[in-house]
Amino acid sequence: MVQKRFFAMGCVLAALCAASGSPSFAQAELTTAPTPRPAPISSDSHKGGTLRLAAQNSGGTLDPQVSYISLIKQLETPVYDGLLAFPKFAGSAAQPVIANLAEVVPQPEDGGRTYRFTLRPNLHFSNGQVVRVEDVAASFRRLFKVGSPTAGPYYSHIVGADACLHDPARCTLAGGIETDPTTRTITFHLTQPDAEFLDRLAWFHAAILPASTPPHDTGNTAPPGTGPYRVTRYDPATGMVLERNPYFREWAHDAQPAGYVDSIQVTFGLDPEGEVTAIENGQYDWMYEDVPLDRLGEVGSRYAGQVQIYTLLLYYYAALNVRMPPFNSLKARQALSYAINRHAMVIYHGGAAVATPLCQLLPQGAPGYEPSCAYTKGASPAHPLPQWQAPDLEEARKLVRESGTAGQKVTIIAPLEGRYAAMAMELRSTLASLGYDTSVRSMTQTVQFPYVQNSDNHVQIALTGWNADYPSASTFLQTLFTCASFRPHSDNSPNMSAFCNPDIDALMNKASAAALTSPAESRQRWAEVDRALMAQAPAVPLVQIKRVSLLSKRTRNAIVTLNDEILLSQLQVR
Amino acid sequence: MMMALLRRLGQTVFVLFGISALVFLVFFATPGADPTARIAGRNASPQTMEKVRQEYGFDRPLPVQYATMMKKLFITQDLASYVDRGELVVPEIARAAPVTVSLVCGAALIWVVLSIAMGTIAAAMKGTWVDRGLMMLGLIGISMPVFWLGQVANLITQSRYHDTWLFSWVPGLGYVPLTENPWGWFKALVIPWIVLAVMFIGIYSRVLRADLVALSGEDFMRTARAKGLSPTRILLRHGLRTSMVTFVSLFGLDFAQLVGGGALLTEVVFGLPGVGRLTYQALTNLDLPLIMATVMYSAVFVVLANAVVDILYLFLDPRVRDAR
């Protein structure tokens with residue numbers, strides 16, 4: 001998952017915004033909701049200028065096959081391309097992937113084990129080199145050679161990938177990728193059908209780079225790409241500059257539209273408070289970080305027209321360790337799910353305008369999402385309600401009594417940053433009200449995230465968040481709750497609940513397999529998995545949030561997509 | 001002289017070794033601090049984790065890892081950050097140091113001039129309302145945390161009154177290199193200078209006043225008065241010069257720790273990409289190479305500053321010279 005702002009979003013002053021009589025966030029959302037499809041650049045009137053962006057810190061390496069930081073992903077979206085792409089527009093039609101460097105999205109062959117692509121002709125990298133099929137094959141070999149974070153989870157189904165994972169230096173993907181320069185075809189062979197293979201080809205790490213790109217992390221040097229911009233300067237301490245790629249000619253507007261501004265300048269170092277002020281003063285055009293909670297009232301009342309609010313596939317939850325008391329008891333887990341006050345969690349994230357109570361493990365917007373709340377007043381896993389209503393403390397206390405776990409010690413491990421502290425205190429008081437002897441241990445998020453994943457640390461309950469790389473149910477359900485994703489003694493074990501249920505694993509495999517033949521059936525099965533998981537309550541979903549992004553007065557044409565958020569290449573400046 | 005230099009060098013090496021070993025051990029003793037998972041990325045496969053472990057040498061014994069890190073930091077100077085493999089920490093610090101030096105030198109000039117003026121005037125007018133007023137101002141300066149004062153300064157100059165004639169000249173937060181635009185450099189730094197200097201003005205003026213008042217009863221001051229020298233001459237020539245010994249030793253340490261990264265909060269609040277902000281960034285990301293490099297840089301500065309202060313003593317205090 002892209003490492004991103006788990007400390008984000010919200011309108012703590014939603015009521016105030018509405019009461020102020022000024023355009024509120026709710027109104028702002030209405031005005032921005034029907035995000036336009038980017039129009040082809042027909043006139044030069046909107047072209048040109050320099051877009052000035054601000055971010056608190058740099059995102060580390062620029063290597064598109066290594067970086068897993070959302071800032072770099074967002075900045076490099078107009079720099080690199082894959083064979084496929086997530087559509088650069090919003091709406092219901094934006095869900096499946098579309099052809100980018102490839103001419104068309106292929107139909108799976110051989111029962112989903114083979115995919116044939118034809119590379120578009122006359123494509124160039126930003127160094128002038130023509131894009132060849134060999135570059136495509138080399139880019140996939142390079143994924144393994146550089147140790148891309150998603151090489152294992154996303155691309156291990158390619159024939160030969162297993163050998164590449166074990167011996168990256170000698171990776172050939174023999175039998176996995178075949179190329180034919182004369183017909184410009186690239187054929188992928190998989191060891192087993194992968195319903196999300198096409199999504200994964202559109203994912204950022206599958207960027208096509210020249211075959212000559214060094215087989216190691218290029219760090220502060222961005223390899224040549226095919227998009228409308230190229231990185232011309234990068235200093236992780238101060239800033240970054242993107243300028244037009246002179247070899248770029250638009251080939252598919254919906255996949256990689258041409259950019260409006262001549263250059264994009266990014267400055268690192270301002271904190272979010274300073275960023276908001278600088279944008280209000282017209283010194284910057286966009287900030288990467290979310291508007292801090294204490295500035296939402298001001299921004300909502302005075303700059304509502306410059307705000308973009310959009311839903312992210314990101315939620316916060318409490319992972320319950322199902323192998324340790326008290327949460328090895330199903331009743332104890334269910335009790336906490338009934339007792340938690342999700343309304344309070346929404347308030348901690350800024351109010352109803354920018355956060356929604358979440359009661360299930362698939363967030364709104366993910367394929368397979370069907371509103372369902374098993375743990376709220378008047379509901380049960382057998383009879384869920386469509387929405388969370390209120391906590392049911394009576395039922396929760398009854399379940400705790402039945403579980404015989406009352407009085408046990410529980411330690412919540414939470415990140416120090418931002419609103420996590422308030423969420424942790426709410427969890428603590430809920431557990432205390434259920435009769436547990438509860439305490440909170442806070443640690444910096446950088447430490448907390450690997451710490452809570454390692455089973456050696458015996459974490460009972462971890463407060464954390466998860467976001468999707470691309471819209472898929474498996475990103476949330478398979479990654480977080482399968483037997484295979486629990487890796488004992490490892491800092492990289494995303495199944496923080498240590499949950500393993502072979503029956504539910506089998507359900508997931510069926511849902512995943514169905515996607516190849518019947519996407520509708522697949523979505524239905526994922527919804528069933530979601531409900532089956534919630535019946536076991538390995539985690540307490542708390543809240544899903546929206547991103548509040550502030551733009552300068554002179555910035556126009558903000559196109560927001562589900563995968564790439566605001567398209568920087570489409571912003572215009574006056 | 002040579003012996004003293006060698007002794008100082010030996011002390012420096014010992015201090016650096018102690019600090020670096022401590023930082024290294026504390027880092028690896030912290031649960032969850034193992035950088036492998038963070039470098040490999042979320043949900044990376046066990047094979048990718050293993051690859052990272054081998055590449056970075058995390059599978060080797062700790063003393064070997066420590067020695068390798070020290071070699072890369074001090075000898076080959078190619079120690080790379082754990083967050084960004086392309087970021088070599090030594091050049092990074094070399095690029096950040098001028099920003100910190102610019103900030104600290106400007107602030108130091110302000111606090112030295114103002115604190116000497118305030119301390120001397122207060123001592124000369126001891127017991128009057130001027131003395132009490134100045135010392136009260138000093139106390140207020142000490143009481144205001146620099147991060148709060150910085151945020152308030154930003155709120156006034158960047159936000160609330162930015163569009164007024166008074167503050168419309170204030171540029172956006174950030175740094176402008178002196179070589180690029182000297183006027184821009186001055187404008188970008190003048191408010192951070194004042195904010196950073198405020199607390200030190202308070203401390204130094206109060207220390208200086210107390211010193212001057214204590215010295216006024218000393219024999220050599222009485223002798224000067226008996227000789228018929230003017231009160232101004234006695235205060236400035238005899239009193240102030242002697243008080244400078246305390247002042248300079250205090251200044252040396254403060255200046256060194258600030259140049260070494262102690263101006264962290266000011267740099268963060270004003271978005272200045274100096275060594276302090278680099279340290280802050282390193283700590284936020286738990287980036288051991290950068291933490292190590294900034295700590296070493298800071299330690300070197302403090303040790304060097306101590307040496308410079310010792311030398312300055314020779315000029316300021318004849319008793320130190322005579323004691324040689």
# chains A, B, ... in the order shown; residues from 1 in each chain; ligands from 1

call {"tool": "residues_around", "arguments": {"residues": "Asn557 of chain A", "least_positions_apart": "6", "cutoff": "7 Å", "atoms": "only C-alpha atoms", "output": "ChimeraX atom specification"}}
result
/A:570-572

call {"tool": "interface_residues", "arguments": {"of": "chain A", "to": "chain B", "cutoff": "8 Å", "atoms": "only C-alpha atoms", "output": "VMD selection string"}}
result
chain A and resid 1 to 3 57 60 to 61 68 147 to 153 165 to 166 217 to 221 236 to 238 269 to 271 274 277 to 278 281 283 444 446 to 451 479 491 to 494

call {"tool": "atom_distance", "arguments": {"atom1": "atom CA of Tyr56 of chain B", "atom2": "atom CA of Tyr155 of chain A"}}
result
23.9 Å

call {"tool": "residues_around", "arguments": {"residues": "Tyr234 of chain A", "least_positions_apart": "6", "cutoff": "10 Å", "atoms": "only C-alpha atoms", "output": "ChimeraX atom specification"}}
result
/A:58,61-62,220-222,240-242,266

call {"tool": "atom_distance", "arguments": {"atom1": "atom CA of Asp254 of chain A", "atom2": "atom CA of Phe125 of chain A"}}
result
19.3 Å

call {"tool": "atom_distance", "arguments": {"atom1": "atom CA of Arg397 of chain A", "atom2": "atom CA of Pro326 of chain A"}}
result
13.9 Å

call {"tool": "residues_around", "arguments": {"residues": "segment 501-508 of chain A", "least_positions_apart": "2", "cutoff": "9 Å", "atoms": "only C-alpha atoms", "output": "mmCIF file with N, CA and C atoms, in the first residue's frame"}}
result
data_model
loop_
_atom_site.group_PDB
_atom_site.id
_atom_site.type_symbol
_atom_site.label_atom_id
_atom_site.label_comp_id
_atom_site.auth_asym_id
_atom_site.auth_seq_id
_atom_site.Cartn_x
_atom_site.Cartn_y
_atom_site.Cartn_z
ATOM 1 N N SER A 474 -9.637 -7.215 -2.863
ATOM 2 C CA SER A 474 -8.575 -8.065 -2.311
ATOM 3 C C SER A 474 -7.544 -7.244 -1.565
ATOM 4 N N LEU A 477 -9.240 -7.126 1.842
ATOM 5 C CA LEU A 477 -9.628 -8.362 2.519
ATOM 6 C C LEU A 477 -8.537 -9.428 2.467
ATOM 7 N N GLN A 478 -7.968 -9.642 1.267
ATOM 8 C CA GLN A 478 -6.935 -10.695 1.181
ATOM 9 C C GLN A 478 -5.641 -10.233 1.833
ATOM 10 N N PHE A 481 -6.366 -10.115 5.823
ATOM 11 C CA PHE A 481 -7.001 -11.148 6.648
ATOM 12 C C PHE A 481 -6.850 -12.580 6.139
ATOM 13 N N THR A 482 -5.885 -12.864 5.257
ATOM 14 C CA THR A 482 -5.733 -14.267 4.844
ATOM 15 C C THR A 482 -4.641 -14.948 5.673
ATOM 16 N N CYS A 483 -4.685 -16.269 5.650
ATOM 17 C CA CYS A 483 -3.661 -17.031 6.376
ATOM 18 C C CYS A 483 -2.274 -16.699 5.826
ATOM 19 N N PHE A 499 -5.190 -13.268 11.860
ATOM 20 C CA PHE A 499 -6.426 -14.009 11.610
ATOM 21 C C PHE A 499 -6.208 -15.036 10.507
ATOM 22 N N LYS A 510 -12.561 -17.883 -4.309
ATOM 23 C CA LYS A 510 -13.681 -18.003 -5.248
ATOM 24 C C LYS A 510 -14.075 -16.626 -5.785
ATOM 25 N N ALA A 511 -14.131 -15.650 -4.893
ATOM 26 C CA ALA A 511 -14.509 -14.290 -5.303
ATOM 27 C C ALA A 511 -13.495 -13.746 -6.296
ATOM 28 N N SER A 512 -12.232 -14.026 -6.021
ATOM 29 C CA SER A 512 -11.159 -13.534 -6.888
ATOM 30 C C SER A 512 -11.240 -14.216 -8.261
ATOM 31 N N ALA A 513 -11.452 -15.516 -8.265
ATOM 32 C CA ALA A 513 -11.502 -16.262 -9.532
ATOM 33 C C ALA A 513 -12.697 -15.833 -10.374
ATOM 34 N N ARG A 525 -19.619 -11.846 -4.399
ATOM 35 C CA ARG A 525 -18.894 -12.772 -3.508
ATOM 36 C C ARG A 525 -18.000 -12.014 -2.530
ATOM 37 N N TRP A 526 -17.404 -10.918 -3.015
ATOM 38 C CA TRP A 526 -16.563 -10.126 -2.104
ATOM 39 C C TRP A 526 -17.408 -9.543 -0.979
ATOM 40 N N GLU A 528 -19.961 -10.907 0.268
ATOM 41 C CA GLU A 528 -20.201 -12.022 1.204
ATOM 42 C C GLU A 528 -18.982 -12.232 2.103
ATOM 43 N N VAL A 529 -17.799 -12.136 1.482
ATOM 44 C CA VAL A 529 -16.567 -12.295 2.274
ATOM 45 C C VAL A 529 -16.514 -11.219 3.352
ATOM 46 N N ALA A 532 -18.777 -12.179 6.056
ATOM 47 C CA ALA A 532 -18.264 -13.355 6.785
ATOM 48 C C ALA A 532 -17.116 -12.942 7.711
ATOM 49 N N LEU A 533 -16.278 -12.053 7.204
ATOM 50 C CA LEU A 533 -15.161 -11.585 8.038
ATOM 51 C C LEU A 533 -15.679 -10.797 9.231
#

call {"tool": "select_by_dssp", "arguments": {"residues": "segment 106-178 of chain B", "states": "helix (DSSP H, G or I)", "output": "PDB file with C-alpha atoms, in the first residue's frame"}}
result
ATOM      1  CA  GLY B 106      22.278  36.663  12.117  1.00  0.00           C
ATOM      2  CA  ALA B 107      20.483  35.739  15.311  1.00  0.00           C
ATOM      3  CA  ALA B 108      23.762  35.725  17.248  1.00  0.00           C
ATOM      4  CA  LEU B 109      24.606  39.229  16.057  1.00  0.00           C
ATOM      5  CA  ILE B 110      21.219  40.479  17.222  1.00  0.00           C
ATOM      6  CA  TRP B 111      21.320  38.746  20.582  1.00  0.00           C
ATOM      7  CA  VAL B 112      24.920  39.735  21.359  1.00  0.00           C
ATOM      8  CA  VAL B 113      24.421  43.414  20.531  1.00  0.00           C
ATOM      9  CA  LEU B 114      21.054  43.729  22.258  1.00  0.00           C
ATOM     10  CA  SER B 115      21.898  41.668  25.313  1.00  0.00           C
ATOM     11  CA  ILE B 116      25.133  43.593  25.919  1.00  0.00           C
ATOM     12  CA  ALA B 117      23.247  46.848  25.557  1.00  0.00           C
ATOM     13  CA  MET B 118      20.384  45.731  27.802  1.00  0.00           C
ATOM     14  CA  GLY B 119      22.599  44.073  30.412  1.00  0.00           C
ATOM     15  CA  THR B 120      24.966  47.025  30.628  1.00  0.00           C
ATOM     16  CA  ILE B 121      22.220  49.651  30.796  1.00  0.00           C
ATOM     17  CA  ALA B 122      20.369  47.636  33.436  1.00  0.00           C
ATOM     18  CA  ALA B 123      23.548  47.255  35.531  1.00  0.00           C
ATOM     19  CA  ALA B 124      24.395  50.932  35.163  1.00  0.00           C
ATOM     20  CA  TRP B 129      12.542  51.361  36.679  1.00  0.00           C
ATOM     21  CA  VAL B 130      14.725  51.083  33.567  1.00  0.00           C
ATOM     22  CA  ASP B 131      16.612  48.180  35.146  1.00  0.00           C
ATOM     23  CA  ARG B 132      13.429  46.511  36.263  1.00  0.00           C
ATOM     24  CA  GLY B 133      11.742  47.099  32.905  1.00  0.00           C
ATOM     25  CA  LEU B 134      14.633  45.681  30.921  1.00  0.00           C
ATOM     26  CA  MET B 135      14.942  42.627  33.137  1.00  0.00           C
ATOM     27  CA  MET B 136      11.208  42.071  32.936  1.00  0.00           C
ATOM     28  CA  LEU B 137      11.462  42.190  29.138  1.00  0.00           C
ATOM     29  CA  GLY B 138      14.297  39.686  29.324  1.00  0.00           C
ATOM     30  CA  LEU B 139      12.205  37.369  31.447  1.00  0.00           C
ATOM     31  CA  ILE B 140       9.335  37.580  28.976  1.00  0.00           C
ATOM     32  CA  GLY B 141      11.755  36.688  26.175  1.00  0.00           C
ATOM     33  CA  ILE B 142      13.012  33.650  28.075  1.00  0.00           C
ATOM     34  CA  SER B 143       9.490  32.530  28.848  1.00  0.00           C
ATOM     35  CA  VAL B 146      10.668  29.638  20.213  1.00  0.00           C
ATOM     36  CA  PHE B 147       8.230  27.411  18.290  1.00  0.00           C
ATOM     37  CA  TRP B 148       5.279  29.347  19.701  1.00  0.00           C
ATOM     38  CA  LEU B 149       6.851  32.716  19.012  1.00  0.00           C
ATOM     39  CA  GLY B 150       7.716  31.567  15.493  1.00  0.00           C
ATOM     40  CA  GLN B 151       4.163  30.453  14.814  1.00  0.00           C
ATOM     41  CA  VAL B 152       2.792  33.711  16.175  1.00  0.00           C
ATOM     42  CA  ALA B 153       5.252  35.661  14.017  1.00  0.00           C
ATOM     43  CA  ASN B 154       4.079  33.630  11.029  1.00  0.00           C
ATOM     44  CA  LEU B 155       0.453  34.172  11.941  1.00  0.00           C
ATOM     45  CA  ILE B 156       0.997  37.932  12.039  1.00  0.00           C
ATOM     46  CA  THR B 157       3.372  38.410   9.136  1.00  0.00           C
ATOM     47  CA  GLN B 158       2.221  35.647   6.799  1.00  0.00           C
ATOM     48  CA  SER B 159      -1.453  35.373   7.548  1.00  0.00           C
ATOM     49  CA  ARG B 160      -3.416  38.024   9.454  1.00  0.00           C
TER      50      ARG B 160
END
